[in-house]
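Engineer: To be precise about what I am sending: the file is called model_22.txt and holds compact mmCIF, C-alpha atoms (C1' of nucleotides).
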# COMPACT_ATOMS: atom_id res chain seq x y z
CA MET H 1 76.17 110.66 79.59
CA THR H 2 78.35 109.83 76.65
CA ASN H 3 81.13 107.32 76.36
CA GLU H 4 82.96 109.34 73.71
CA TYR H 5 86.42 110.44 74.77
CA ALA H 6 86.14 113.57 72.67
CA SER H 7 83.21 114.79 74.70
CA ARG H 8 83.89 116.47 78.03
CA THR H 9 80.25 116.50 78.89
CA THR H 10 79.71 116.07 82.58
CA ALA H 11 76.68 114.91 84.47
CA GLY H 12 77.40 117.20 87.39
CA ARG H 13 79.52 120.00 88.82
CA ARG H 14 83.25 119.37 88.76
CA LEU H 15 84.92 120.03 92.13
CA ASP H 16 87.37 122.93 91.91
CA ALA H 17 90.53 124.16 93.60
CA ALA H 18 88.52 125.83 96.37
CA PHE H 19 87.10 122.45 97.37
CA TYR H 20 90.47 120.73 97.60
CA ARG H 21 92.61 123.55 98.97
CA ARG H 22 91.19 123.62 102.47
CA ASP H 23 93.00 122.82 105.68
CA ASP H 24 90.59 120.17 106.99
CA VAL H 25 91.30 116.87 105.26
CA LEU H 26 88.88 115.03 107.59
CA SER H 27 85.97 117.16 106.38
CA ILE H 28 87.04 116.73 102.77
CA ALA H 29 87.21 112.94 103.20
CA ARG H 30 83.61 113.00 104.52
CA GLU H 31 82.41 115.34 101.80
CA LEU H 32 83.82 113.15 99.04
CA LEU H 33 81.30 110.44 99.95
CA GLY H 34 78.51 110.45 97.37
CA LYS H 35 80.66 112.33 94.83
CA TYR H 36 81.61 110.75 91.49
CA LEU H 37 85.15 109.79 90.51
CA VAL H 38 85.30 110.13 86.72
CA THR H 39 88.05 108.92 84.36
CA HIS H 40 88.78 109.49 80.67
CA ILE H 41 91.67 107.08 80.19
CA ASP H 42 92.86 105.19 77.11
CA GLY H 43 90.12 107.01 75.19
CA ARG H 44 87.38 105.57 77.35
CA HIS H 45 85.01 107.00 79.93
CA SER H 46 84.02 105.46 83.27
CA ALA H 47 82.91 106.66 86.68
CA GLY H 48 82.12 105.41 90.15
CA ARG H 49 80.25 106.85 93.11
CA ILE H 50 82.60 107.22 96.09
CA VAL H 51 81.33 105.25 99.11
CA GLU H 52 84.46 104.85 101.26
CA THR H 53 87.45 107.12 102.01
CA GLU H 54 90.34 107.50 104.44
CA ALA H 55 92.18 110.65 105.50
CA TYR H 56 95.97 110.83 105.87
CA ARG H 57 97.61 113.88 107.39
CA ALA H 58 101.23 114.78 107.95
CA PRO H 59 103.07 115.62 110.06
CA GLU H 60 101.47 113.95 113.09
CA ASP H 61 99.94 110.88 111.41
CA ARG H 62 102.32 107.90 111.56
CA ALA H 63 100.22 106.06 108.96
CA CYS H 64 100.88 108.81 106.42
CA HIS H 65 103.77 108.30 103.99
CA ALA H 66 104.82 111.88 104.73
CA TYR H 67 104.84 111.36 108.53
CA GLY H 68 106.98 114.05 110.13
CA ASN H 69 106.74 115.98 106.83
CA ARG H 70 109.28 113.58 105.36
CA ARG H 71 109.92 114.57 101.74
CA THR H 72 111.12 111.82 99.42
CA PRO H 73 110.73 111.42 95.66
CA ARG H 74 107.56 109.42 96.26
CA THR H 75 105.94 111.69 98.84
CA SER H 76 106.70 114.94 97.00
CA THR H 77 103.30 114.74 95.30
CA MET H 78 101.57 114.91 98.68
CA PHE H 79 103.11 118.32 99.34
CA GLU H 80 101.59 119.89 96.23
CA ALA H 81 98.58 122.18 96.44
CA GLY H 82 95.26 120.29 96.69
CA GLY H 83 93.61 118.99 93.55
CA VAL H 84 96.14 116.49 92.19
CA ALA H 85 96.24 112.70 92.25
CA TYR H 86 98.70 110.81 94.45
CA VAL H 87 98.99 107.28 93.04
CA TYR H 88 101.50 104.74 94.32
CA LEU H 89 102.22 101.04 94.08
CA CYS H 90 101.29 99.06 97.18
CA TYR H 91 102.63 95.56 97.95
CA GLY H 92 104.29 95.58 94.54
CA ILE H 93 100.94 94.89 92.91
CA HIS H 94 98.20 97.39 93.63
CA HIS H 95 97.84 100.94 92.36
CA LEU H 96 96.23 103.05 95.13
CA PHE H 97 94.55 106.37 94.28
CA ASN H 98 94.56 109.35 96.63
CA ILE H 99 93.41 112.94 96.31
CA VAL H 100 95.89 115.53 97.59
CA THR H 101 94.25 118.28 99.66
CA GLY H 102 95.26 121.43 101.51
CA MET H 103 97.66 124.16 100.50
CA GLU H 104 101.09 123.67 98.96
CA GLY H 105 103.45 122.39 101.64
CA GLN H 106 100.73 120.51 103.55
CA ALA H 107 101.01 116.75 103.00
CA HIS H 108 97.32 115.87 103.32
CA ALA H 109 95.51 113.28 101.21
CA VAL H 110 92.33 111.23 100.95
CA LEU H 111 92.58 107.58 99.91
CA ILE H 112 89.60 106.44 97.84
CA ARG H 113 88.83 102.95 99.16
CA ALA H 114 85.65 101.97 97.32
CA VAL H 115 83.26 103.12 94.62
CA GLU H 116 79.88 101.96 93.34
CA PRO H 117 79.90 101.54 89.54
CA ALA H 118 78.18 104.50 87.86
CA ASP H 119 79.19 105.11 84.21
CA ASN H 120 80.21 102.47 81.65
CA LEU H 121 79.74 99.32 83.73
CA PRO H 122 80.64 97.10 80.73
CA LEU H 123 84.09 98.70 80.55
CA MET H 124 84.60 98.31 84.30
CA LEU H 125 83.65 94.63 84.02
CA GLU H 126 86.06 94.19 81.11
CA ARG H 127 88.96 95.79 82.98
CA ARG H 128 88.38 93.41 85.91
CA SER H 129 87.58 90.36 83.74
CA PHE H 130 84.22 90.05 85.48
CA GLU H 131 81.10 88.65 83.85
CA ARG H 132 78.60 90.31 86.16
CA PRO H 133 78.73 93.11 88.73
CA ARG H 134 79.45 92.19 92.33
CA PRO H 135 81.08 94.21 95.11
CA GLN H 136 84.59 92.84 94.48
CA LEU H 137 84.47 94.73 91.19
CA SER H 138 85.27 98.05 92.82
CA ALA H 139 85.13 97.64 96.65
CA GLY H 140 88.73 98.07 97.74
CA PRO H 141 91.47 100.62 96.95
CA GLY H 142 93.49 98.23 94.79
CA VAL H 143 90.59 97.02 92.66
CA LEU H 144 88.72 100.27 92.02
CA THR H 145 91.81 101.64 90.25
CA VAL H 146 91.76 98.66 87.90
CA ALA H 147 88.03 99.13 87.26
CA LEU H 148 88.54 102.82 86.46
CA GLY H 149 91.82 102.46 84.54
CA ILE H 150 93.95 104.42 87.03
CA ARG H 151 97.68 103.55 87.17
CA THR H 152 100.81 104.95 88.80
CA ARG H 153 101.47 106.98 85.66
CA HIS H 154 98.63 109.21 86.86
CA ASP H 155 100.60 110.24 89.94
CA GLY H 156 100.69 114.04 89.99
CA SER H 157 97.85 114.38 87.48
CA SER H 158 95.59 117.41 88.00
CA LEU H 159 91.96 116.84 88.98
CA ILE H 160 91.15 120.46 88.15
CA ALA H 161 92.58 121.15 84.68
CA PRO H 162 89.92 121.09 81.92
CA ASP H 163 91.78 118.36 79.99
CA SER H 164 92.64 116.19 83.00
CA PRO H 165 92.02 112.43 82.66
CA ILE H 166 90.65 112.14 86.19
CA TRP H 167 88.33 114.40 88.18
CA VAL H 168 85.56 114.37 90.79
CA GLU H 169 82.09 115.79 90.32
CA GLU H 170 78.95 116.34 92.35
CA ARG H 171 75.75 114.89 90.89
CA GLU H 172 73.40 114.64 93.85
CA SER H 173 72.76 116.17 97.25
CA ALA H 174 75.21 115.29 99.99
CA PRO H 175 74.40 112.27 102.18
CA ALA H 176 73.08 112.98 105.68
CA ASP H 177 75.66 112.91 108.48
CA THR H 178 73.70 110.03 110.00
CA ALA H 179 74.35 107.95 106.87
CA ILE H 180 78.12 108.19 107.39
CA VAL H 181 80.16 105.86 109.62
CA ALA H 182 83.57 106.89 110.99
CA ALA H 183 85.92 104.04 111.90
CA PRO H 184 89.64 103.24 112.25
CA ARG H 185 91.58 102.97 109.01
CA ILE H 186 92.37 99.62 107.43
CA GLY H 187 95.83 98.07 107.26
CA VAL H 188 97.71 100.64 109.36
CA ASP H 189 98.39 98.60 112.49
CA TYR H 190 102.07 99.54 112.24
CA ALA H 191 101.14 103.16 113.01
CA GLY H 192 100.81 102.80 116.80
CA GLU H 193 98.13 104.94 118.42
CA CYS H 194 97.35 106.59 115.07
CA ALA H 195 95.88 103.27 113.91
CA ALA H 196 92.91 103.80 116.23
CA TRP H 197 91.98 107.25 114.95
CA PRO H 198 88.55 107.14 113.23
CA TRP H 199 89.75 108.60 109.95
CA ARG H 200 87.95 106.12 107.71
CA PHE H 201 84.52 107.13 106.43
CA TYR H 202 81.92 105.13 104.57
CA LEU H 203 78.25 105.15 103.64
CA GLU H 204 76.65 102.76 106.09
CA LYS H 205 74.03 101.36 103.76
CA SER H 206 76.24 100.86 100.72
CA LYS H 207 76.87 97.33 99.48
CA TRP H 208 80.04 98.59 97.75
CA VAL H 209 82.12 99.26 100.89
CA SER H 210 85.30 97.15 101.23
CA LYS H 211 84.77 96.19 104.89
CA LYS H 212 82.05 96.81 107.45
C1' DC G 1 124.49 97.73 97.19
C1' DG G 2 121.48 94.61 100.16
C1' DA G 3 117.53 94.02 102.83
C1' DA G 4 113.17 95.10 104.76
C1' DT G 5 108.62 96.55 104.10
C1' DG G 6 104.13 97.64 102.87
C1' DA G 7 97.31 102.61 103.03
C1' DT G 8 96.00 94.73 99.32
C1' DC G 9 93.92 90.91 97.11
C1' DG G 10 92.43 86.40 96.11
C1' DG G 11 93.00 81.57 96.62
C1' DC G 12 93.12 77.84 99.71
C1' DT G 13 92.29 75.30 104.25
C1' DG M 1 91.22 82.70 108.88
C1' DC M 2 95.77 82.27 106.86
C1' DC M 3 99.26 83.12 103.57
C1' DG M 4 101.93 84.11 99.37
C1' DA M 5 102.49 87.23 95.41
C1' DT M 6 105.54 90.94 93.76
C1' DC M 7 108.31 95.29 93.34
C1' DA M 8 109.02 100.36 94.10
C1' DT M 9 110.63 102.75 97.78
C1' DT M 10 113.36 103.63 101.59
C1' DC M 11 117.09 103.30 104.67
C1' DG M 12 121.41 101.73 106.40
C1' DA M 13 126.16 99.96 105.46
Once you've parsed the file, please lay out its structure as structure tokens.

Structural biologist:
Amino acid sequence: MTNEYASRTTAGRRLDAAFYRRDDVLSIARELLGKYLVTHIDGRHSAGRIVETEAYRAPEDRACHAYGNRRTPRTSTMFEAGGVAYVYLCYGIHHLFNIVTGMEGQAHAVLIRAVEPADNLPLMLERRSFERPRPQLSAGPGVLTVALGIRTRHDGSSLIAPDSPIWVEERESAPADTAIVAAPRIGVDYAGECAAWPWRFYLEKSKWVSKK
DNA sequence: CGAATGATCGGCT
DNA sequence: GCCGATCATTCGA
């Protein structure tokens, strides 16, 4: 793997429109575990192995920003065809990265909650002002975006286009179903009964998950 | 225009 | 475990 921005060399198979543009966001959230989130941002390459995700699905999901298929300037990205980034500012501080899925008009998305450092660890440490790797480097939706250089300016960015700054690729065989835990999502207590739905998925044995 | 509110994090008790 | 930071977004007046 190279760290040169000019090179688009990949270590695996980039996920395509057919992967993202499916109706079942829960399956996609599961299948993203073990895939690699790659960024070429500010002329620099980095990547992390996805170990924790959450699914959000309008219209019935009260935790989803597009609950009831509510279209606002912010949520419009979620209604695009699958394969683009939905990035928004949370608590005025944190940039949270989601992957839009489904067909155009379906507001479905997968929040990436944690990654294990994969490519260019020194850069990820630098972006977080860390001396040495430890889980807080990239375990959590607000910190992994810092480690990978993702910001709200990437909202709406394609994950499919050949020159896109962010994409996901497959580098290894999928984890066994028994290695995956399904649990309620984090931080959505305001969402009533939806808060209990087990739409959070993580690799049970990973040390890089935000919360067990 | 004013006010409320977060799909979080890190520091402090 | 608790709590404040910090601001774009949203909604209501």

Engineer: Tell me as a list in words which residues belonging to chain H come within 7 Å of chain G, counting all atoms listed in the file.

Structural biologist: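 Interface list for chain H against chain G: Cys90, Tyr91, His94, Gly142, Gly187 and Val188 of chain H.
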
Engineer: Between atom CA of H:Arg200 and atom CA of H:His108, what distance in Å does the model show, to one decimal?

Structural biologist: 14.2 Å

Engineer: Quick one: which chain M residues come within 8 Å of chain H, and what is the nearest atom pair for each with the distance in Å to one decimal, counting only C-alpha atoms (C1' of nucleotides), rows ordered by chain and ascending number, as a tab-separated table?

Structural biologist:
residue	atom	partner	partner_atom	distance
M:DT6	C1'	H:Gly92	CA	4.9
M:DC7	C1'	H:Gly92	CA	4.2
M:DA8	C1'	H:Gly92	CA	6.7
M:DT9	C1'	H:Arg74	CA	7.5

Engineer: Extract, using all atoms listed in the file, all DNA, RNA and protein residues at most 6 Å from H:Lys35, discarding same-chain residues fewer than 2 positions from it, and format them as a list of chain:residue names.

Structural biologist: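 Residues meeting the cut-off are H:Leu32, H:Leu33, H:Arg49, H:Ile50, H:Glu169, H:Glu170.
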
Engineer: To one decimal in Å, tell me the separation between atom CA of H:Pro135 and atom CA of H:Lys207.

Structural biologist: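 Interatomic distance, atom CA of H:Pro135 to atom CA of H:Lys207: 6.8 Å.
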
Engineer: At what distance in Å, to one decimal, does atom CA of H:Val87 lie from atom CA of H:Pro175?

Structural biologist: 26.7 Å

Engineer: For a quick check of understanding, using only C-alpha atoms, which of H:Val84, H:Ala183, H:Val25, H:Ala147 has the smallest distance to H:Arg128?

Structural biologist: H:Ala147

Engineer: Could you name the residues that touch H:Leu148 at 7 Å or less, counting all atoms listed in the file, but leaving out those on the same chain fewer than 5 positions away, as a PyMOL selection string?

Structural biologist: chain H and resi 39+46-47+124

Engineer: Could you dump the residues just selected with C-alpha atoms as a CSV table (one decimal), in the coordinates of the input?

Structural biologist:
chain,number,residue,atom,x,y,z
H,39,THR,CA,88.0,108.9,84.4
H,46,SER,CA,84.0,105.5,83.3
H,47,ALA,CA,82.9,106.7,86.7
H,124,MET,CA,84.6,98.3,84.3

Engineer: With all atoms listed in the file as the counted atoms, please give the residues lying no more than 12 Å from H:Leu121, apart from itself and same-chain residues fewer than 2 positions off, as number ranges by chain.

Structural biologist: H: 3, 44-48, 116-119, 123-134, 137-138, 147-148

Engineer: Env of H:Lys205: 10 Å cut, atoms = all atoms listed in the file, seq-sep filter 3 positions within chain, self excluded. Answer as number ranges by chain.

Structural biologist: H: 51, 179-181, 202, 208-209, 212
